[in-house]
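Quick notes on the structure that follows.
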Amino acid sequence: DVNRGIELYNKGDFEEAANELQSVVQESPDNAQARRYLGLALVERGHLDEAAVQLNRAHELEPSGDTKLALARLAVERKSFDEADAHLK
């Protein structure tokens with residue numbers, strides 16, 4: 001479930017978090033929170049293209065400050081600092 005996935009993410013178990021959250025997204029494709037944390041877990045695992053898909057969809061579903069921050073985190077990992085800055089404005 002999404003809470004377990006977030007708990008795993010917060011503990012630094014990014015692989016298990018991604019697995020748990022992927023299951024949530026398959027069952028509930030419009031769950032922006034699950035997609036956001038899945039994207040963040042994928043960033044931590046270095047799967048930046050997959051992360052971008054999840055984070056962009058989360059942003060479409062729920063354009064929140066948390067999602068913008070997650071997109072900025074992805075941009076920093078890609079060394080796209082201007083893009084990161086744009087997400088934070």
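For the structure tokens, the naming scheme is as follows: chains receive sequential letters (A, B, ...) according to their order of presentation, residues are indexed from 1 within each chain, and ligands are indexed from 1 in presentation order.
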
Excluding Glu27 in chain A and its own-chain neighbours fewer than 6 positions away, which residues fall within 12 Å of it when counting only C-alpha atoms? Please give them as a short mmCIF file (atom, residue, chain, number, x, y, z; two decimals) with N, CA, C and O atoms, in the first residue's frame.
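Below is the file that was written, result01.cif:
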data_model
loop_
_atom_site.label_atom_id
_atom_site.label_comp_id
_atom_site.auth_asym_id
_atom_site.auth_seq_id
_atom_site.Cartn_x
_atom_site.Cartn_y
_atom_site.Cartn_z
N ASP A 1 0.84 -1.19 0.00
CA ASP A 1 0.00 0.00 0.00
C ASP A 1 0.87 1.24 0.00
O ASP A 1 2.08 1.16 0.23
N VAL A 2 0.27 2.38 -0.29
CA VAL A 2 1.05 3.61 -0.46
C VAL A 2 1.78 4.00 0.83
O VAL A 2 2.94 4.43 0.77
N GLU A 20 6.81 -1.72 -4.03
CA GLU A 20 5.52 -1.53 -3.36
C GLU A 20 4.69 -0.47 -4.08
O GLU A 20 3.50 -0.65 -4.34
N LEU A 21 5.32 0.64 -4.40
CA LEU A 21 4.61 1.75 -5.02
C LEU A 21 4.20 1.44 -6.45
O LEU A 21 3.16 1.91 -6.93
N ALA A 34 1.38 8.18 -4.80
CA ALA A 34 2.13 6.95 -5.09
C ALA A 34 3.10 7.19 -6.25
O ALA A 34 4.25 6.76 -6.20
N ARG A 35 2.64 7.88 -7.28
CA ARG A 35 3.51 8.16 -8.43
C ARG A 35 4.68 9.07 -8.03
O ARG A 35 5.80 8.88 -8.49
#

| Which neighbours of Arg45 in chain A fall inside 8 Å, counting only C-alpha atoms, when residues of the same chain fewer than 2 positions from it are skipped, and could you give them as a PyMOL selection string? | chain A and resi 14-15+41-43+47

Residue subset to file, keeping all heavy atoms, as a CSV table (one decimal), in the first residue's frame:
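Everything below was put into result_36.csv:
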chain,number,residue,atom,x,y,z
A,14,PHE,N,15.0,1.9,-1.1
A,14,PHE,CA,14.4,2.5,-2.4
A,14,PHE,C,13.9,1.4,-3.3
A,14,PHE,O,13.0,1.5,-4.0
A,14,PHE,CB,15.4,3.4,-3.1
A,14,PHE,CG,15.8,4.5,-2.2
A,14,PHE,CD1,17.2,4.7,-1.8
A,14,PHE,CD2,14.9,5.4,-1.6
A,14,PHE,CE1,17.6,5.7,-1.0
A,14,PHE,CE2,15.3,6.4,-0.8
A,14,PHE,CZ,16.7,6.6,-0.4
A,15,GLU,N,14.6,0.2,-3.3
A,15,GLU,CA,14.2,-0.9,-4.2
A,15,GLU,C,12.8,-1.4,-3.8
A,15,GLU,O,11.9,-1.6,-4.6
A,15,GLU,CB,15.2,-2.0,-4.2
A,15,GLU,CG,14.9,-3.1,-5.1
A,15,GLU,CD,16.0,-4.2,-5.3
A,15,GLU,OE1,17.1,-4.0,-4.7
A,15,GLU,OE2,15.7,-5.2,-6.0
A,41,ALA,N,11.8,7.3,-5.6
A,41,ALA,CA,12.5,6.1,-5.3
A,41,ALA,C,13.3,5.7,-6.6
A,41,ALA,O,14.5,5.3,-6.5
A,41,ALA,CB,11.6,4.9,-4.9
A,42,LEU,N,12.8,5.9,-7.7
A,42,LEU,CA,13.5,5.7,-9.0
A,42,LEU,C,14.6,6.6,-9.2
A,42,LEU,O,15.7,6.2,-9.7
A,42,LEU,CB,12.5,5.7,-10.2
A,42,LEU,CG,11.5,4.6,-10.2
A,42,LEU,CD1,10.4,4.9,-11.2
A,42,LEU,CD2,12.1,3.2,-10.5
A,43,VAL,N,14.5,7.9,-8.8
A,43,VAL,CA,15.6,8.8,-8.8
A,43,VAL,C,16.8,8.3,-8.0
A,43,VAL,O,17.9,8.2,-8.4
A,43,VAL,CB,15.2,10.2,-8.3
A,43,VAL,CG1,16.4,11.1,-8.1
A,43,VAL,CG2,14.3,10.9,-9.4
A,47,HIS,N,17.3,5.5,-12.0
A,47,HIS,CA,16.4,5.2,-13.1
A,47,HIS,C,15.7,6.5,-13.5
A,47,HIS,O,14.5,6.7,-13.2
A,47,HIS,CB,15.4,4.1,-12.8
A,47,HIS,CG,16.1,2.8,-12.4
A,47,HIS,ND1,16.7,2.0,-13.3
A,47,HIS,CD2,16.2,2.2,-11.2
A,47,HIS,CE1,17.2,1.0,-12.7
A,47,HIS,NE2,16.9,1.1,-11.4

| request: Have a look at CA of Ala32 in chain A and CA of Glu62 in chain A and let me know their distance in Å, one decimal. | output: 6.1 Å

| query | What is the distance, in Å and to one decimal place, between CA of Lys79 in chain A and CA of Leu61 in chain A? | reply | 25.5 Å

| field | Arg78 in chain A surroundings by only C-alpha atoms, 12 Å radius, close-in-sequence under 6 positions cut, as a VMD selection string | value | chain A and resid 43 to 44 46 to 49 51 to 52 71 to 72 84

Which residues, written as a CSV table (one decimal) with all heavy atoms, in the first residue's frame, have at least one atom at most 12 Å from His59 in chain A, with only C-alpha atoms counted and residues fewer than 6 positions away on the same chain left out?
chain,number,residue,atom,x,y,z
A,30,ASP,N,-4.3,6.7,-10.9
A,30,ASP,CA,-4.5,8.2,-10.7
A,30,ASP,C,-4.0,8.6,-9.3
A,30,ASP,O,-4.3,9.7,-8.8
A,30,ASP,CB,-5.9,8.6,-10.9
A,30,ASP,CG,-6.3,8.5,-12.4
A,30,ASP,OD1,-5.4,8.5,-13.2
A,30,ASP,OD2,-7.5,8.4,-12.7
A,31,ASN,N,-3.3,7.7,-8.6
A,31,ASN,CA,-2.8,8.1,-7.3
A,31,ASN,C,-1.5,8.9,-7.4
A,31,ASN,O,-0.4,8.4,-7.6
A,31,ASN,CB,-2.5,6.8,-6.5
A,31,ASN,CG,-2.2,7.1,-5.0
A,31,ASN,OD1,-1.5,8.0,-4.7
A,31,ASN,ND2,-2.6,6.2,-4.2
A,32,ALA,N,-1.6,10.2,-7.3
A,32,ALA,CA,-0.5,11.1,-7.5
A,32,ALA,C,0.6,10.9,-6.5
A,32,ALA,O,1.8,11.0,-6.8
A,32,ALA,CB,-1.0,12.6,-7.5
A,33,GLN,N,0.2,10.7,-5.2
A,33,GLN,CA,1.1,10.5,-4.2
A,33,GLN,C,2.0,9.3,-4.4
A,33,GLN,O,3.2,9.3,-4.2
A,33,GLN,CB,0.4,10.4,-2.8
A,33,GLN,CG,1.4,10.3,-1.6
A,33,GLN,CD,0.7,10.2,-0.3
A,33,GLN,OE1,-0.4,9.5,-0.2
A,33,GLN,NE2,1.2,10.8,0.7
A,34,ALA,N,1.4,8.2,-4.8
A,34,ALA,CA,2.1,7.0,-5.1
A,34,ALA,C,3.1,7.2,-6.2
A,34,ALA,O,4.3,6.8,-6.2
A,34,ALA,CB,1.2,5.8,-5.4
A,35,ARG,N,2.6,7.9,-7.3
A,35,ARG,CA,3.5,8.2,-8.4
A,35,ARG,C,4.7,9.1,-8.0
A,35,ARG,O,5.8,8.9,-8.5
A,35,ARG,CB,2.7,8.8,-9.6
A,35,ARG,CG,1.9,7.8,-10.3
A,35,ARG,CD,1.2,8.4,-11.5
A,35,ARG,NE,0.4,7.5,-12.2
A,35,ARG,CZ,0.8,6.6,-13.2
A,35,ARG,NH1,2.1,6.6,-13.5
A,35,ARG,NH2,0.0,5.8,-13.8
A,36,ARG,N,4.4,10.1,-7.2
A,36,ARG,CA,5.5,11.0,-6.7
A,36,ARG,C,6.5,10.2,-6.0
A,36,ARG,O,7.7,10.3,-6.3
A,36,ARG,CB,4.9,12.1,-5.9
A,36,ARG,CG,5.9,13.1,-5.4
A,36,ARG,CD,5.3,14.3,-4.7
A,36,ARG,NE,4.5,14.0,-3.6
A,36,ARG,CZ,3.2,14.1,-3.5
A,36,ARG,NH1,2.5,14.5,-4.5
A,36,ARG,NH2,2.5,13.8,-2.4
A,37,TYR,N,6.1,9.4,-5.0
A,37,TYR,CA,7.1,8.6,-4.2
A,37,TYR,C,7.8,7.5,-5.1
A,37,TYR,O,9.0,7.3,-4.9
A,37,TYR,CB,6.5,8.1,-3.0
A,37,TYR,CG,6.5,9.0,-1.8
A,37,TYR,CD1,5.5,9.9,-1.6
A,37,TYR,CD2,7.7,9.2,-1.0
A,37,TYR,CE1,5.5,10.8,-0.6
A,37,TYR,CE2,7.7,10.1,0.0
A,37,TYR,CZ,6.6,10.9,0.2
A,37,TYR,OH,6.6,11.9,1.2
A,39,GLY,N,8.4,7.9,-8.2
A,39,GLY,CA,9.4,8.6,-9.0
A,39,GLY,C,10.6,9.0,-8.2
A,39,GLY,O,11.8,8.8,-8.7
A,52,ALA,N,11.1,10.2,-14.4
A,52,ALA,CA,10.5,11.4,-15.1
A,52,ALA,C,9.0,11.1,-15.5
A,52,ALA,O,8.2,11.9,-15.4
A,52,ALA,CB,11.3,11.8,-16.3
A,53,VAL,N,8.8,9.9,-16.0
A,53,VAL,CA,7.5,9.5,-16.4
A,53,VAL,C,6.5,9.6,-15.2
A,53,VAL,O,5.4,10.1,-15.3
A,53,VAL,CB,7.4,8.0,-17.0
A,53,VAL,CG1,6.0,7.5,-17.2
A,53,VAL,CG2,8.2,8.0,-18.3
A,65,GLY,N,3.2,21.6,-4.6
A,65,GLY,CA,4.5,22.0,-4.2
A,65,GLY,C,5.4,20.8,-4.0
A,65,GLY,O,6.6,20.8,-4.4
A,66,ASP,N,4.9,19.7,-3.4
A,66,ASP,CA,5.6,18.5,-3.2
A,66,ASP,C,6.1,17.9,-4.6
A,66,ASP,O,7.2,17.4,-4.7
A,66,ASP,CB,4.8,17.5,-2.4
A,66,ASP,CG,4.7,17.8,-1.0
A,66,ASP,OD1,5.5,18.6,-0.5
A,66,ASP,OD2,3.8,17.3,-0.3
A,67,THR,N,5.2,17.9,-5.5
A,67,THR,CA,5.5,17.3,-6.8
A,67,THR,C,6.5,18.2,-7.6
A,67,THR,O,7.4,17.7,-8.2
A,67,THR,CB,4.2,17.2,-7.7
A,67,THR,OG1,3.3,16.4,-6.9
A,67,THR,CG2,4.5,16.5,-9.0
A,68,LYS,N,6.4,19.5,-7.4
A,68,LYS,CA,7.4,20.4,-8.0
A,68,LYS,C,8.8,20.2,-7.4
A,68,LYS,O,9.8,20.2,-8.1
A,68,LYS,CB,7.0,21.9,-7.9
A,68,LYS,CG,5.8,22.3,-8.8
A,68,LYS,CD,5.4,23.7,-8.6
A,68,LYS,CE,4.2,24.1,-9.4
A,68,LYS,NZ,3.8,25.5,-9.3
A,69,LEU,N,8.8,20.0,-6.1
A,69,LEU,CA,10.1,19.7,-5.4
A,69,LEU,C,10.7,18.4,-5.9
A,69,LEU,O,11.9,18.3,-6.2
A,69,LEU,CB,9.8,19.7,-3.9
A,69,LEU,CG,11.1,19.6,-3.1
A,69,LEU,CD1,12.0,20.7,-3.3
A,69,LEU,CD2,10.7,19.5,-1.6
A,70,ALA,N,9.8,17.4,-6.1
A,70,ALA,CA,10.3,16.1,-6.7
A,70,ALA,C,10.9,16.3,-8.1
A,70,ALA,O,11.9,15.7,-8.4
A,70,ALA,CB,9.2,15.1,-6.6
A,71,LEU,N,10.2,17.1,-8.9
A,71,LEU,CA,10.7,17.3,-10.3
A,71,LEU,C,12.0,18.1,-10.2
A,71,LEU,O,12.9,17.8,-11.0
A,71,LEU,CB,9.6,18.1,-11.1
A,71,LEU,CG,8.4,17.3,-11.5
A,71,LEU,CD1,7.3,18.2,-12.0
A,71,LEU,CD2,8.9,16.3,-12.7
A,72,ALA,N,12.1,19.0,-9.3
A,72,ALA,CA,13.4,19.7,-9.1
A,72,ALA,C,14.5,18.7,-8.7
A,72,ALA,O,15.6,18.9,-9.2
A,72,ALA,CB,13.3,20.8,-8.1
A,87,HIS,N,11.4,24.8,-11.6
A,87,HIS,CA,10.4,24.0,-10.8
A,87,HIS,C,10.2,24.6,-9.5
A,87,HIS,O,9.1,24.5,-8.9
A,87,HIS,CB,10.8,22.5,-10.7
A,87,HIS,CG,10.6,21.7,-11.9
A,87,HIS,ND1,9.4,21.6,-12.5
A,87,HIS,CD2,11.5,21.1,-12.7
A,87,HIS,CE1,9.6,20.8,-13.6
A,87,HIS,NE2,10.8,20.5,-13.7

| remark: Between A:Arg4, A:Arg57, A:Lys89, A:Arg73, smallest distance to Glu16 in chain A by only C-alpha atoms belongs to A:Arg4

| Using only C-alpha atoms: which of A:Ala17, A:Leu38, A:Leu88, A:Lys11 has the shortest distance to Val76 in chain A |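 Answer, going by the shortest atom-to-atom distance: A:Leu88.
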
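Counting from CA of Glu60 in chain A, the distance to CA of Asn10 in chain A is 23.9 Å.
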